[in-house]
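Asks: Structure file my_file.txt (compact mmCIF, C-alpha atoms) right here:
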```txt
# COMPACT_ATOMS: atom_id res chain seq x y z
CA MET I 11 122.29 -96.62 208.22
CA HIS I 12 123.12 -95.51 211.74
CA HIS I 13 125.07 -98.75 212.29
CA LEU I 14 127.14 -98.20 209.13
CA LYS I 15 127.91 -94.64 210.16
CA ARG I 16 129.08 -95.81 213.58
CA CYS I 17 131.29 -98.51 212.02
CA PHE I 18 132.81 -95.92 209.70
CA LEU I 19 133.61 -93.62 212.62
CA TYR I 20 135.20 -96.48 214.57
CA ALA I 21 137.32 -97.36 211.54
CA LEU I 22 138.34 -93.73 211.13
CA TRP I 23 139.37 -93.50 214.78
CA LEU I 24 141.35 -96.74 214.45
CA VAL I 25 143.25 -95.42 211.44
CA PHE I 26 143.94 -92.17 213.26
CA ALA I 27 145.15 -94.04 216.37
CA LEU I 28 147.47 -96.24 214.32
CA PHE I 29 148.87 -93.22 212.50
CA LEU I 30 149.42 -91.44 215.81
CA VAL I 31 151.26 -94.42 217.32
CA PHE I 32 153.37 -94.76 214.17
CA SER I 33 154.25 -91.04 214.20
CA LEU I 34 155.13 -91.08 217.90
CA HIS I 35 157.34 -94.11 217.37
CA LEU I 36 159.27 -92.38 214.57
CA ALA I 37 159.56 -89.22 216.65
CA TYR I 38 160.87 -91.16 219.65
CA ASN I 39 163.58 -92.78 217.56
CA PHE I 40 164.51 -89.44 216.03
CA PHE I 41 164.82 -87.58 219.33
CA THR I 42 166.64 -90.42 221.09
CA LEU I 43 169.18 -90.67 218.22
CA ASN I 44 167.85 -94.08 217.19
CA VAL I 45 170.21 -95.83 219.63
CA HIS I 46 169.35 -99.53 220.01
CA ALA I 47 171.04 -102.79 220.89
CA VAL I 48 171.28 -105.14 217.93
CA ILE I 49 172.99 -107.82 220.00
CA PRO I 50 173.15 -106.72 223.67
CA ASN I 51 176.67 -106.10 225.01
CA LYS I 52 178.12 -106.70 221.54
CA ILE I 53 176.52 -104.69 218.69
CA TYR I 54 174.73 -101.32 218.80
CA ARG I 55 173.19 -99.05 216.16
CA SER I 56 172.59 -95.29 216.20
CA ALA I 57 172.19 -92.08 214.27
CA GLN I 58 175.12 -89.65 213.94
CA LEU I 59 176.36 -88.72 217.43
CA ASP I 60 178.06 -85.49 218.38
CA GLN I 61 180.87 -85.03 220.92
CA VAL I 62 178.61 -84.99 223.98
CA GLU I 63 176.56 -87.94 222.76
CA LEU I 64 179.65 -89.97 221.89
CA THR I 65 181.01 -89.36 225.39
CA TYR I 66 177.73 -90.41 227.01
CA TYR I 67 177.29 -93.60 225.04
CA GLU I 68 180.94 -94.61 225.20
CA ARG I 69 180.65 -94.53 228.99
CA LYS I 70 177.30 -96.31 228.96
CA LEU I 71 177.96 -98.98 226.32
CA HIS I 72 181.77 -99.26 226.62
CA PHE I 73 182.13 -99.70 222.87
CA LYS I 74 185.61 -100.34 221.49
CA THR I 75 184.85 -99.76 217.81
CA ILE I 76 182.98 -97.15 215.76
CA ILE I 77 181.88 -98.03 212.23
CA ASN I 78 180.93 -95.00 210.18
CA LEU I 79 178.74 -96.03 207.23
CA ARG I 80 178.77 -92.54 205.67
CA GLY I 81 182.34 -92.77 204.34
CA ARG I 82 185.40 -90.55 204.73
CA TRP I 83 184.63 -86.83 204.76
CA PRO I 84 187.71 -85.09 206.26
CA LYS I 85 186.27 -81.61 205.64
CA LYS I 86 183.02 -82.35 207.51
CA SER I 87 182.89 -81.41 211.18
CA TRP I 88 181.02 -84.56 212.23
CA TYR I 89 183.75 -86.72 210.69
CA ARG I 90 186.55 -84.80 212.37
CA VAL I 91 184.75 -84.94 215.74
CA GLU I 92 184.27 -88.69 215.81
CA ASN I 93 187.68 -89.39 214.28
CA ARG I 94 189.36 -87.36 217.02
CA PHE I 95 187.11 -88.99 219.62
CA ALA I 96 188.18 -92.46 218.48
CA GLU I 97 191.86 -91.47 218.61
CA LYS I 98 191.54 -89.90 222.06
CA HIS I 99 189.77 -92.93 223.53
CA HIS I 100 191.87 -95.52 221.67
CA LEU I 101 188.92 -96.89 219.73
CA GLN I 102 189.01 -98.69 216.39
CA TYR I 103 187.47 -96.48 213.72
CA TYR I 104 186.27 -97.68 210.33
CA SER I 105 184.73 -95.62 207.52
CA ILE I 106 182.86 -97.59 204.86
CA GLN I 107 180.71 -95.60 202.46
CA PHE I 108 177.20 -96.79 201.62
CA GLU I 109 174.25 -95.01 200.05
CA ALA I 110 170.89 -94.93 201.81
CA TYR I 111 168.84 -95.94 198.74
CA LEU I 112 171.30 -97.41 196.21
CA LEU I 113 172.53 -100.99 196.17
CA PRO I 114 176.20 -101.42 197.11
CA SER I 115 178.59 -103.81 195.42
CA LYS I 116 179.09 -107.30 196.83
CA ALA I 117 182.72 -106.29 197.47
CA ARG I 118 181.57 -103.43 199.72
CA LEU I 119 179.25 -105.81 201.60
CA ARG I 120 182.11 -108.27 202.07
CA GLU I 121 184.25 -105.45 203.49
CA LEU I 122 181.54 -104.60 206.00
CA ALA I 123 181.01 -108.27 206.89
CA TYR I 124 184.72 -108.66 207.62
CA VAL I 125 184.79 -105.62 209.89
CA LEU I 126 181.64 -106.69 211.73
CA GLU I 127 183.15 -110.09 212.45
CA THR I 128 186.69 -109.05 213.35
CA ALA I 129 186.45 -105.59 214.98
CA PRO I 130 186.77 -105.42 218.78
CA LYS I 131 183.43 -105.64 220.60
CA PRO I 132 181.26 -103.99 221.75
CA LEU I 133 180.96 -101.91 218.60
CA ILE I 134 178.55 -99.26 217.40
CA PHE I 135 177.75 -98.34 213.80
CA HIS I 136 175.86 -95.39 212.40
CA CYS I 137 174.85 -93.51 209.28
CA GLU I 138 173.11 -90.14 209.50
CA GLY I 139 169.69 -91.03 210.89
CA GLY I 140 170.39 -94.60 211.99
CA SER I 141 167.74 -96.11 209.74
CA ASP I 142 168.71 -97.11 206.18
CA ARG I 143 172.44 -97.85 205.99
CA THR I 144 172.48 -98.66 209.69
CA GLY I 145 169.58 -101.06 209.15
CA LEU I 146 171.65 -102.88 206.53
CA ALA I 147 174.57 -103.27 208.97
CA ALA I 148 172.22 -104.38 211.74
CA MET I 149 170.65 -107.04 209.55
CA MET I 150 174.08 -108.33 208.54
CA SER I 151 175.23 -108.36 212.17
CA LYS I 152 172.29 -110.55 213.15
CA ILE I 153 173.13 -113.07 210.42
CA LEU I 154 176.87 -113.13 211.13
CA LEU I 155 176.93 -112.93 214.92
CA ASP I 156 173.56 -114.06 216.28
CA ASP I 157 172.91 -117.81 216.10
CA HIS I 158 169.50 -119.03 214.95
CA VAL I 159 168.13 -115.58 214.10
CA SER I 160 164.68 -115.60 212.45
CA ILE I 161 163.79 -114.07 209.10
CA SER I 162 161.23 -111.82 210.81
CA THR I 163 164.01 -110.43 213.04
CA LEU I 164 166.13 -109.67 209.97
CA LYS I 165 163.21 -107.92 208.31
CA ARG I 166 162.56 -105.88 211.44
CA GLN I 167 166.10 -104.45 211.44
CA VAL I 168 165.54 -102.84 208.01
CA SER I 169 161.97 -101.69 208.61
CA TRP I 170 159.94 -98.79 209.99
CA HIS I 171 160.71 -99.98 213.52
CA TYR I 172 163.99 -98.08 213.14
CA ASN I 173 162.64 -95.30 210.89
CA ALA I 174 163.48 -96.96 207.56
CA ILE I 175 160.35 -95.71 205.82
CA SER I 176 161.57 -95.21 202.25
CA LYS I 177 160.45 -97.84 199.73
CA ASN I 178 164.02 -97.78 198.40
CA THR I 179 165.85 -98.25 201.69
CA VAL I 180 169.08 -100.14 201.05
CA GLY I 181 168.57 -102.70 203.80
CA TYR I 182 165.29 -103.85 202.28
CA GLN I 183 166.85 -104.17 198.84
CA VAL I 184 169.84 -106.22 200.00
CA LEU I 185 167.73 -108.50 202.19
CA ARG I 186 165.23 -109.06 199.37
CA ASN I 187 168.08 -110.16 197.09
CA TYR I 188 169.42 -112.54 199.73
CA LEU I 189 165.98 -114.01 200.53
CA THR I 190 165.23 -114.46 196.83
CA TRP I 191 168.46 -116.42 196.40
CA LEU I 192 167.63 -118.57 199.45
CA LYS I 193 164.19 -119.38 198.07
CA LYS I 194 165.55 -120.17 194.61
CA ASN I 195 168.02 -122.66 196.07
CA GLN I 196 165.71 -123.94 198.84
CA TYR I 197 168.20 -122.90 201.51
CA HIS I 198 167.58 -121.69 205.03
CA SER I 199 169.20 -118.47 206.23
CA SER I 200 172.53 -118.99 207.98
CA LYS I 201 175.93 -117.37 208.26
CA LYS I 202 177.35 -120.01 205.91
CA HIS I 203 174.73 -119.36 203.22
CA PHE I 204 174.97 -115.59 203.59
CA LEU I 205 178.73 -115.63 203.07
CA GLN I 206 178.25 -118.01 200.13
CA TRP I 207 175.79 -115.54 198.61
CA LEU I 208 178.20 -112.64 199.17
CA MET I 209 180.87 -114.44 197.17
CA LEU I 210 178.67 -114.87 194.09
CA PRO I 211 179.59 -112.52 191.20
CA GLU I 212 175.99 -111.79 190.15
CA LYS I 213 174.90 -108.21 190.69
CA MET I 214 171.93 -107.55 192.93
CA LYS I 215 168.57 -106.49 191.56
CA PRO I 216 166.98 -103.18 192.68
CA TYR I 217 163.77 -103.58 194.67
CA SER I 218 161.15 -101.20 195.99
CA GLY I 219 158.86 -101.95 198.93
CA TRP I 220 158.58 -102.58 202.66
CA PHE I 221 158.71 -105.47 205.07
CA VAL I 222 155.61 -105.49 207.28
CA VAL I 223 156.68 -106.98 210.61
```
Hey, can you dump this file as structure tokens for me?
Replies:
Amino acid sequence: MHHLKRCFLYALWLVFALFLVFSLHLAYNFFTLNVHAVIPNKIYRSAQLDQVELTYYERKLHFKTIINLRGRWPKKSWYRVENRFAEKHHLQYYSIQFEAYLLPSKARLRELAYVLETAPKPLIFHCEGGSDRTGLAAMMSKILLDDHVSISTLKRQVSWHYNAISKNTVGYQVLRNYLTWLKKNQYHSSKKHFLQWLMLPEKMKPYSGWFVV
């Protein structure tokens, strides 16, 4: 009985420790604006940056392009700030609207894929918190611009590692659709196959869940 009680207490402490580490990780990403290299010296991801933060990271990362995944909102101060910042510093600025938890159209994904491939590098993309929509763009960047990327790396980009903790996060849903198609056709993941999948007219299926990586 004493042994069982001790095992239970150890298990309880382990669960608490894991929860604490998980919470600290999410907090760190939140307070550091979720800024991470997707492909060093080429692709970066972040949460929404203000004027001071844009200035700091433009000097640090030397990015030439900003991709705003929240869409065009001319009446919003954050949109005006980064739009003016891009003009002042002669940066390319793209606004492509995605939803954090709803599947986009294949046409919208193709638009993003084109910009990711052709926009001047280094580039940085963001949504609001740098987790859901940004995770989708990060995953696509790895497929399009990083040779021989593993499936586990793709899953990581749309996971809790970058604060994507909703079961309906858009990156998870899109990647699940792509992986399901690969499995059905016995293909391996590659830029060629991803672009082939993007051109298919079939609508994507909603999914709910997480990648554990």
Asks: Contacts of region 196-211 of chain I at 12 Å or less, counting all atoms listed in the file, minus same-chain residues fewer than 3 places along, as a PyMOL selection string?
Replies: chain I and resi 114-124+127+149-164+184-185+187-193+214
Asks: Figure out the distance between CA of Leu126 (chain I) and CA of Thr42 (chain I), please, to one decimal in Å.
Replies: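 For CA of Thr42 (chain I) relative to CA of Leu126 (chain I), the distance reads 24.0 Å.
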Asks: With all atoms listed in the file as the atoms that count, which of I:Ser105, I:Thr144, I:Asn173, I:Gln61 lies nearest to Leu34 (chain I)?
Replies: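 Of the candidates, the smallest distance to Leu34 (chain I) is held by I:Asn173.
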Asks: Would you list the residues near (180.8, -92.0, 224.4) (no more than 12 Å away, in the coordinates of the file, using only C-alpha atoms) as a PyMOL selection string?
Replies: chain I and resi 59-76+91-92+95-96+98-101+133-134
Asks: Within 8 Å of (163.6, -99.2, 205.2) (file coordinates; all atoms listed in the file), which protein or nucleic acid residues are there? I'd like them as a VMD selection string.
Replies: chain I and resid 141 to 142 145 168 to 170 173 to 182 220 to 221
Asks: Mind giving me the straight-line distance from CA of Ala37 (chain I) to CA of Gln58 (chain I) in Å, one decimal?
Replies: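 Distance between the two atoms: 15.8 Å.
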Asks: When you draw a straight line from CA of Val45 (chain I) to CA of Phe135 (chain I), how long is it in Å?
Replies: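 For CA of Val45 (chain I) relative to CA of Phe135 (chain I), the distance reads 9.9 Å.
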Asks: Given the choices I:Gln107, I:Tyr38, I:His171, I:Leu79, which gets closest to Glu138 (chain I) if the distance is worked out from all atoms listed in the file?
Replies: I:Leu79
Asks: Considering all atoms listed in the file, state which residue in the set I:Leu146, I:Leu43, I:Val222, I:Val125 is at the smallest distance from Leu113 (chain I).
Replies: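 With all atoms listed in the file as the atom set, the closest residue is I:Leu146.
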Asks: Set the distance at 8 Å and use all atoms listed in the file: which residues neighbour Lys52 (chain I) once local chain neighbours fewer than 4 positions away are removed? I'd like the list as JSON, numbers by chain.
Replies: {"I": [48, 131, 132, 133]}
